[in-house]
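S.K.: What follows is query.csv, CSV, C-alpha atoms.
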chain,number,residue,atom,x,y,z
A,1,MET,CA,-1.9,1.1,-86.7
A,2,LYS,CA,-3.4,-2.0,-88.3
A,3,PRO,CA,-6.4,-3.3,-86.4
A,4,GLN,CA,-5.8,-6.6,-84.7
A,5,ASN,CA,-7.9,-9.3,-86.1
A,6,THR,CA,-7.0,-12.8,-85.0
A,7,ASN,CA,-9.3,-14.4,-87.6
A,8,GLU,CA,-7.5,-12.7,-90.5
A,9,PRO,CA,-4.9,-15.0,-92.0
A,10,ALA,CA,-1.3,-13.8,-91.8
A,11,ALA,CA,0.4,-12.6,-94.9
A,12,PRO,CA,2.9,-15.2,-96.4
A,13,GLU,CA,5.9,-13.1,-95.5
A,14,GLU,CA,4.6,-12.7,-91.9
A,15,GLN,CA,4.2,-16.5,-91.7
A,16,THR,CA,7.7,-17.0,-92.9
A,17,GLU,CA,9.0,-14.5,-90.4
A,18,PHE,CA,7.1,-16.2,-87.6
A,19,LEU,CA,8.4,-19.7,-88.6
A,20,GLU,CA,12.0,-18.4,-88.8
A,21,MET,CA,11.6,-16.9,-85.3
A,22,GLU,CA,10.2,-20.2,-83.9
A,23,GLN,CA,13.0,-22.2,-85.5
A,24,THR,CA,15.6,-19.8,-84.1
A,25,LYS,CA,14.1,-20.1,-80.7
A,26,ALA,CA,14.2,-23.9,-81.0
A,27,VAL,CA,17.8,-23.9,-82.1
A,28,ARG,CA,18.9,-21.6,-79.3
A,29,HIS,CA,16.8,-23.3,-76.7
A,30,TRP,CA,19.8,-24.5,-74.6
A,31,LYS,CA,22.9,-22.9,-73.1
A,32,VAL,CA,26.3,-23.9,-71.6
A,33,VAL,CA,27.0,-22.5,-68.2
A,34,LEU,CA,30.6,-22.4,-67.0
A,35,TYR,CA,31.2,-22.4,-63.2
A,36,ASN,CA,34.0,-20.7,-61.3
A,37,ASP,CA,36.8,-22.3,-59.3
A,38,GLU,CA,40.1,-21.1,-57.9
A,39,ASP,CA,42.3,-23.5,-59.9
A,40,HIS,CA,42.2,-21.8,-63.3
A,41,THR,CA,43.6,-18.5,-64.6
A,42,TYR,CA,41.9,-15.9,-66.7
A,43,ASP,CA,44.3,-16.9,-69.5
A,44,TYR,CA,43.1,-20.5,-69.3
A,45,VAL,CA,39.4,-19.4,-69.5
A,46,VAL,CA,40.2,-17.1,-72.5
A,47,ASP,CA,42.1,-19.9,-74.4
A,48,LEU,CA,39.3,-22.4,-73.6
A,49,LEU,CA,36.4,-20.2,-74.7
A,50,VAL,CA,38.2,-19.1,-77.9
A,51,ALA,CA,39.0,-22.7,-78.8
A,52,VAL,CA,35.8,-24.4,-77.7
A,53,CYS,CA,33.1,-21.7,-78.1
A,54,GLY,CA,34.6,-19.7,-81.0
A,55,MET,CA,34.6,-16.5,-79.0
A,56,ALA,CA,36.8,-13.5,-79.7
A,57,LYS,CA,39.5,-13.0,-77.0
A,58,GLU,CA,37.8,-9.8,-75.7
A,59,GLN,CA,34.5,-11.5,-75.3
A,60,ALA,CA,36.1,-14.5,-73.7
A,61,PHE,CA,37.9,-12.2,-71.2
A,62,ARG,CA,34.6,-10.6,-70.2
A,63,CYS,CA,33.2,-14.1,-69.5
A,64,ALA,CA,36.3,-14.9,-67.4
A,65,VAL,CA,35.7,-11.8,-65.3
A,66,GLU,CA,32.0,-12.6,-65.0
A,67,VAL,CA,32.6,-16.2,-63.9
A,68,ASP,CA,35.2,-14.9,-61.3
A,69,MET,CA,32.8,-12.3,-59.9
A,70,THR,CA,29.5,-14.0,-60.0
A,71,GLY,CA,30.4,-17.7,-59.9
A,72,ARG,CA,28.9,-18.5,-63.3
A,73,THR,CA,28.7,-17.3,-66.9
A,74,THR,CA,26.8,-18.4,-70.0
A,75,VAL,CA,29.4,-19.3,-72.7
A,76,PHE,CA,27.3,-20.7,-75.5
A,77,TYR,CA,23.7,-20.9,-76.8
A,78,GLY,CA,22.5,-23.5,-79.3
A,79,ASN,CA,20.6,-26.7,-79.7
A,80,LYS,CA,21.0,-29.5,-77.2
A,81,GLU,CA,23.6,-31.5,-79.2
A,82,GLU,CA,25.8,-28.4,-79.9
A,83,CYS,CA,25.7,-27.5,-76.2
A,84,SER,CA,26.4,-31.0,-75.0
A,85,LEU,CA,29.4,-31.2,-77.3
A,86,ARG,CA,30.9,-27.9,-76.0
A,87,SER,CA,30.2,-28.7,-72.4
A,88,GLY,CA,31.9,-32.0,-72.9
A,89,LYS,CA,35.0,-30.4,-74.3
A,90,ILE,CA,35.1,-27.8,-71.5
A,91,ASN,CA,34.8,-30.6,-68.9
A,92,THR,CA,37.7,-32.5,-70.4
A,93,TRP,CA,40.0,-29.6,-71.5
A,94,GLY,CA,42.4,-30.6,-68.7
A,95,ALA,CA,44.3,-28.7,-66.0
A,96,ASP,CA,45.6,-25.2,-66.2
A,97,HIS,CA,49.3,-25.7,-67.1
A,98,ARG,CA,50.1,-22.3,-65.6
A,99,LEU,CA,49.2,-23.4,-62.1
A,100,LEU,CA,50.9,-26.3,-60.3
A,101,ARG,CA,47.9,-26.8,-58.0
A,102,SER,CA,45.5,-27.1,-61.0
A,103,ARG,CA,44.8,-30.8,-61.6
A,104,GLY,CA,41.6,-30.9,-63.6
A,105,SER,CA,39.2,-29.2,-66.0
A,106,MET,CA,36.6,-26.5,-65.2
A,107,ASN,CA,33.0,-27.5,-64.8
A,108,SER,CA,30.2,-26.6,-67.0
A,109,CYS,CA,26.7,-27.9,-67.6
A,110,VAL,CA,23.9,-27.6,-70.2
A,111,GLU,CA,20.7,-25.9,-69.1
A,112,PRO,CA,17.5,-24.9,-70.9
A,113,SER,CA,17.8,-21.3,-72.0
B,114,MET,CA,33.6,4.5,-48.6
B,115,ARG,CA,34.7,2.4,-45.6
B,116,CYS,CA,34.6,-1.2,-46.8
B,117,PRO,CA,34.5,-3.1,-50.1
B,118,SER,CA,30.7,-3.6,-49.9
B,119,ASP,CA,30.3,0.2,-50.2
B,120,LEU,CA,31.6,-0.1,-53.8
B,121,ALA,CA,28.4,-1.9,-54.6
B,122,LEU,CA,26.4,1.3,-53.7
B,123,LEU,CA,28.0,3.2,-56.6
B,124,SER,CA,26.1,3.6,-59.8
B,125,SER,CA,27.5,2.0,-62.9
B,126,ARG,CA,28.8,5.3,-64.2
B,127,GLN,CA,30.4,6.2,-60.8
B,128,LEU,CA,32.0,2.8,-60.6
B,129,LEU,CA,33.4,3.0,-64.1
B,130,GLU,CA,34.7,6.5,-63.5
B,131,LEU,CA,36.4,5.4,-60.3
B,132,ILE,CA,38.0,2.5,-62.1
B,133,ASP,CA,39.1,4.7,-64.9
B,134,ALA,CA,40.9,7.1,-62.5
B,135,THR,CA,42.6,4.1,-60.7
B,136,PRO,CA,46.3,3.7,-61.6
B,137,PRO,CA,47.2,0.4,-63.4
B,138,GLU,CA,49.1,-0.9,-60.4
B,139,LEU,CA,46.1,-0.6,-58.2
B,140,LEU,CA,43.5,-1.9,-60.6
B,141,PRO,CA,43.8,-5.6,-59.6
B,142,ILE,CA,43.4,-4.6,-56.0
B,143,LEU,CA,40.3,-2.6,-56.8
B,144,VAL,CA,38.9,-5.6,-58.8
B,145,ARG,CA,39.6,-7.8,-55.8
B,146,PHE,CA,37.7,-5.4,-53.5
B,147,LEU,CA,34.8,-5.6,-56.0
B,148,LYS,CA,34.9,-9.4,-55.9
B,149,GLU,CA,34.9,-9.3,-52.1
B,150,SER,CA,32.0,-6.9,-52.0
B,151,ARG,CA,29.8,-9.8,-53.0
B,152,GLY,CA,27.9,-7.6,-55.4
B,153,GLY,CA,27.6,-10.6,-57.7
B,154,VAL,CA,25.5,-10.4,-60.9
B,155,ARG,CA,24.4,-6.8,-60.2
B,156,LEU,CA,27.9,-5.6,-59.8
B,157,PHE,CA,29.0,-7.3,-63.0
B,158,GLU,CA,26.1,-5.6,-64.8
B,159,LYS,CA,27.5,-2.3,-63.5
B,160,LEU,CA,31.0,-3.2,-64.8
B,161,MET,CA,29.2,-3.8,-68.2
B,162,GLY,CA,27.9,-0.2,-67.9
B,163,ASP,CA,24.4,-1.4,-67.4
B,164,HIS,CA,24.5,-1.9,-71.2
B,165,GLU,CA,24.1,1.9,-71.7
B,166,GLU,CA,25.7,3.2,-74.9
B,167,ASP,CA,27.0,6.2,-73.0
B,168,ASN,CA,29.1,3.9,-70.8
B,169,ARG,CA,30.5,1.8,-73.6
B,170,GLU,CA,33.8,3.7,-73.9
B,171,LEU,CA,34.5,3.4,-70.2
B,172,VAL,CA,33.6,-0.3,-70.2
B,173,ASP,CA,35.9,-1.1,-73.1
B,174,ARG,CA,38.7,0.8,-71.5
B,175,PHE,CA,38.3,-1.1,-68.2
B,176,PHE,CA,38.3,-4.5,-69.8
B,177,ASN,CA,41.2,-3.7,-72.1
B,178,ARG,CA,43.3,-2.3,-69.3
B,179,TYR,CA,42.5,-5.2,-66.9
B,180,TYR,CA,43.2,-7.8,-69.6
B,181,GLU,CA,46.6,-6.3,-70.3
B,182,LEU,CA,47.4,-6.4,-66.6
B,183,VAL,CA,46.3,-9.9,-65.8
B,184,SER,CA,47.2,-11.8,-68.9
B,185,GLU,CA,50.6,-13.4,-69.5
B,186,PRO,CA,52.7,-11.6,-72.1
B,187,GLY,CA,52.3,-13.3,-75.5
B,188,ALA,CA,55.0,-15.8,-76.3
B,189,ALA,CA,53.7,-17.2,-79.6
B,190,GLU,CA,57.1,-18.3,-80.7
B,191,GLU,CA,57.8,-20.1,-77.5
B,192,ASN,CA,57.2,-23.9,-77.1
B,193,PRO,CA,54.5,-24.1,-74.3
B,194,LEU,CA,55.7,-27.6,-73.3
B,195,LEU,CA,59.3,-26.4,-72.7
B,196,ALA,CA,57.9,-23.3,-70.9
B,197,TYR,CA,55.5,-25.1,-68.6
B,198,MET,CA,56.6,-28.7,-68.2
B,199,ASP,CA,59.8,-28.5,-66.3
B,200,PRO,CA,61.9,-31.7,-65.6
B,201,ALA,CA,61.5,-31.0,-61.9
B,202,MET,CA,57.9,-32.0,-62.3
B,203,PHE,CA,58.7,-35.4,-64.0
B,204,HIS,CA,58.9,-37.3,-60.7
B,205,ASP,CA,55.3,-36.3,-59.9
B,206,LEU,CA,53.3,-38.7,-62.2
B,207,ALA,CA,49.9,-37.5,-61.0
B,208,LEU,CA,50.9,-33.9,-61.9
B,209,ILE,CA,52.2,-35.0,-65.3
B,210,GLN,CA,49.1,-37.1,-66.0
B,211,SER,CA,47.0,-34.0,-65.3
B,212,ARG,CA,48.8,-32.3,-68.2
B,213,GLU,CA,47.9,-35.0,-70.7
B,214,ALA,CA,45.2,-32.9,-72.5
B,215,PHE,CA,47.6,-29.9,-72.6
B,216,PHE,CA,50.4,-32.1,-74.0
B,217,LYS,CA,48.1,-33.5,-76.7
B,218,ARG,CA,46.9,-30.1,-77.8
B,219,GLN,CA,50.4,-29.0,-78.9
B,220,SER,CA,51.7,-29.1,-82.4
B,221,ILE,CA,53.8,-32.2,-83.3
B,222,ALA,CA,56.8,-29.9,-83.9
B,223,HIS,CA,56.6,-28.6,-80.4
B,224,ILE,CA,56.2,-32.1,-79.0
B,225,ASN,CA,59.2,-33.4,-81.0
B,226,GLU,CA,61.3,-30.5,-79.8
B,227,PHE,CA,60.2,-31.1,-76.2
B,228,LEU,CA,61.0,-34.8,-76.3
B,229,ALA,CA,64.4,-34.1,-78.0
B,230,VAL,CA,65.3,-31.8,-75.1
B,231,HIS,CA,64.2,-34.1,-72.3
B,232,MET,CA,64.4,-37.7,-73.5
B,233,ASN,CA,67.3,-39.7,-74.6
B,234,LEU,CA,67.2,-40.3,-78.4
B,235,PRO,CA,63.4,-40.1,-78.8
B,236,PRO,CA,61.6,-41.1,-82.0
B,237,SER,CA,60.3,-38.3,-84.2
B,238,PHE,CA,56.5,-38.3,-84.4
B,239,GLU,CA,54.5,-37.4,-87.4
B,240,ALA,CA,51.6,-34.9,-87.6
B,241,GLY,CA,48.5,-36.3,-85.9
B,242,GLU,CA,50.6,-38.7,-83.7
B,243,GLN,CA,50.0,-36.7,-80.5
B,244,GLU,CA,48.5,-39.7,-78.8
B,245,GLN,CA,51.5,-42.0,-79.6
B,246,ALA,CA,53.9,-39.2,-78.5
B,247,TRP,CA,52.1,-38.9,-75.1
B,248,GLU,CA,52.2,-42.7,-74.7
B,249,TYR,CA,55.9,-42.7,-75.4
B,250,PHE,CA,56.6,-39.8,-73.1
B,251,PHE,CA,54.6,-41.2,-70.1
B,252,HIS,CA,56.1,-44.6,-70.6
B,253,GLU,CA,59.6,-43.2,-70.5
B,254,LEU,CA,58.8,-41.3,-67.3
B,255,LEU,CA,57.7,-44.6,-65.6
B,256,LYS,CA,61.2,-45.9,-66.2
B,257,LEU,CA,62.8,-43.0,-64.4
Kindly present the structure from the file in structure tokens form.
M.R.:
Amino acid sequence: MKPQNTNEPAAPEEQTEFLEMEQTKAVRHWKVVLYNDEDHTYDYVVDLLVAVCGMAKEQAFRCAVEVDMTGRTTVFYGNKEECSLRSGKINTWGADHRLLRSRGSMNSCVEPS
Amino acid sequence: MRCPSDLALLSSRQLLELIDATPPELLPILVRFLKESRGGVRLFEKLMGDHEEDNRELVDRFFNRYYELVSEPGAAEENPLLAYMDPAMFHDLALIQSREAFFKRQSIAHINEFLAVHMNLPPSFEAGEQEQAWEYFFHELLKL
């Protein structure tokens, strides 16, 4: 094991790696949280997450089950602007055409990750 | 087990094996019991196999089976507007208005087909004219 010496300058490749990690953390510092309600079907959630968050259907369905069972699910990670854009689309996606009682969109919000 | 909350006492593996042995017709009932058990996040983690590689096959099988059971059969060739916006709804303007986003997401071919079926001599809209088509449709409903 290499002895730890904080005074020793990091190798260039280590510095690059560290910077990349920090940049990644900054980029994925926010998340979109989707909240459950009883006016939208699993199919609606799957269609929504495929279209808005770019998920595969299988992943979107797992999120649909999670939001149904736990009340909330994280559907997107990214920077604040990307998250706000997706959350805005979710909140204006409209009612679930499969359910007569459905009259509006689901709710989501952007939170620090 | 005496009540739904007892399901939350099972380990992830036990729960997934129970689900795996459940016939398809009873699976939605079992999932409803799970929901009613109020196990919340911890219960969902168990359904995800506690992220153990050994449980992955059972997890995938559960989600695939459940998805097939609860999703509507695919009707890719069907026009969603014709399937879901029945003329019986047309008198309920609040309901129709709540379908605006759904209407505007459809292809212009589907919109033109829908208007041709339900409106008297509607204009034919071009690609990208979803907004104009919606305005036309809603304006026509106001005349009814």
S.K.: Taking all atoms listed in the file into account, produce a table as a Markdown table in which each residue of chain A with an atom at most 7 Å from an atom of chain B appears once, together with its shortest atom pair and the distance in Å to one decimal, ordered by chain and rising number.
M.R.:
| residue | atom | partner | partner_atom | distance |
| --- | --- | --- | --- | --- |
| A:Asp43 | CA | B:Ser184 | CA | 5.9 |
| A:Glu66 | CA | B:Phe157 | CA | 6.4 |
| A:Met69 | CA | B:Lys148 | CA | 5.4 |
| A:Thr70 | CA | B:Gly153 | CA | 4.5 |
| A:Trp93 | CA | B:Ala214 | CA | 6.2 |
| A:Gly94 | CA | B:Ala214 | CA | 5.3 |
| A:Ala95 | CA | B:Ser211 | CA | 6.0 |
| A:His97 | CA | B:Tyr197 | CA | 6.4 |
| A:Arg98 | CA | B:Tyr197 | CA | 6.8 |
| A:Arg103 | CA | B:Ser211 | CA | 5.4 |
| A:Gly104 | CA | B:Ser211 | CA | 6.5 |
S.K.: Which distance in Å separates atom CA of A:Asp68 and atom CA of A:Asn107, to one decimal?
M.R.: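 Atom-to-atom, atom CA of A:Asp68 to atom CA of A:Asn107, that is 13.3 Å.
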S.K.: Find the distance between atom CA of A:Glu111 and atom CA of A:Ile90 and write it in Å to one decimal.
M.R.: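 That distance, rounded to one decimal, is 14.7 Å.
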S.K.: Could you check which of A:Ser113, A:Phe18, A:Ser102, A:Cys53 is closest to A:Leu85, using only C-alpha atoms?
M.R.: A:Cys53
S.K.: For a test of reading the model, state the distance in Å between atom CA of B:Gln245 and atom CA of B:Leu206, rounded to one decimal.
M.R.: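 It comes out at 17.8 Å.
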S.K.: I want to know what sits within 9 Å of A:Val52, based on only C-alpha atoms, with residues of the same chain fewer than 5 positions away left out; could you give that as a list of chain:residue names?
M.R.: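 My list of contacting residues is A:Asp47, A:Arg86, A:Ser87, A:Lys89, A:Ile90.
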S.K.: Need the neighbours of (24.4, -28.3, -73.8): which residues are at most 12 Å away, counting only C-alpha atoms, as number ranges by chain?
M.R.: A: 27-34, 53, 74-91, 108-113
S.K.: Within 8 Å of B:Ile132, counting all atoms listed in the file, which residues qualify if same-chain residues fewer than 3 places away don't, as an mmCIF file with C-alpha atoms, keeping the file's coordinate frame?
M.R.:
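For reference, around-v1.cif as written:
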data_model
loop_
_atom_site.group_PDB
_atom_site.id
_atom_site.type_symbol
_atom_site.label_atom_id
_atom_site.label_comp_id
_atom_site.auth_asym_id
_atom_site.auth_seq_id
_atom_site.Cartn_x
_atom_site.Cartn_y
_atom_site.Cartn_z
ATOM 1 C CA LEU B 128 32.000 2.800 -60.600
ATOM 2 C CA LEU B 129 33.400 3.000 -64.100
ATOM 3 C CA THR B 135 42.600 4.100 -60.700
ATOM 4 C CA LEU B 140 43.500 -1.900 -60.600
ATOM 5 C CA LEU B 143 40.300 -2.600 -56.800
ATOM 6 C CA PHE B 175 38.300 -1.100 -68.200
#
S.K.: Give me, as a compact mmCIF listing (two decimals) with C-alpha atoms, keeping the file's coordinate frame, all polymer residues having an atom no more than 6 Å from stretch 223-234 of chain B, counting only C-alpha atoms and skipping those fewer than 2 positions away in the same chain.
M.R.:
# COMPACT_ATOMS: atom_id res chain seq x y z
CA ASN B 192 57.20 -23.90 -77.10
CA LEU B 195 59.30 -26.40 -72.70
CA SER B 220 51.70 -29.10 -82.40
CA ILE B 221 53.80 -32.20 -83.30
CA SER B 237 60.30 -38.30 -84.20
S.K.: List the neighbours of A:Tyr44 out to 8 Å using all atoms listed in the file; skip same-chain residues closer than 4 positions along the sequence, and give me the result as a list of chain:residue names.
M.R.: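 Within the cut-off, the hits are A:His40, A:Leu48, A:Asp96.
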S.K.: Between B:Glu244, B:Leu182, B:Glu191, B:His204, which is the closest to B:Lys256 once you count all atoms listed in the file?
M.R.: B:His204
S.K.: For B:His252, which residue among B:His164, B:Arg126, B:Pro235, B:Cys116 is the nearest when counting only C-alpha atoms?
M.R.: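 Ranked by minimum distance to B:His252, first place goes to B:Pro235.
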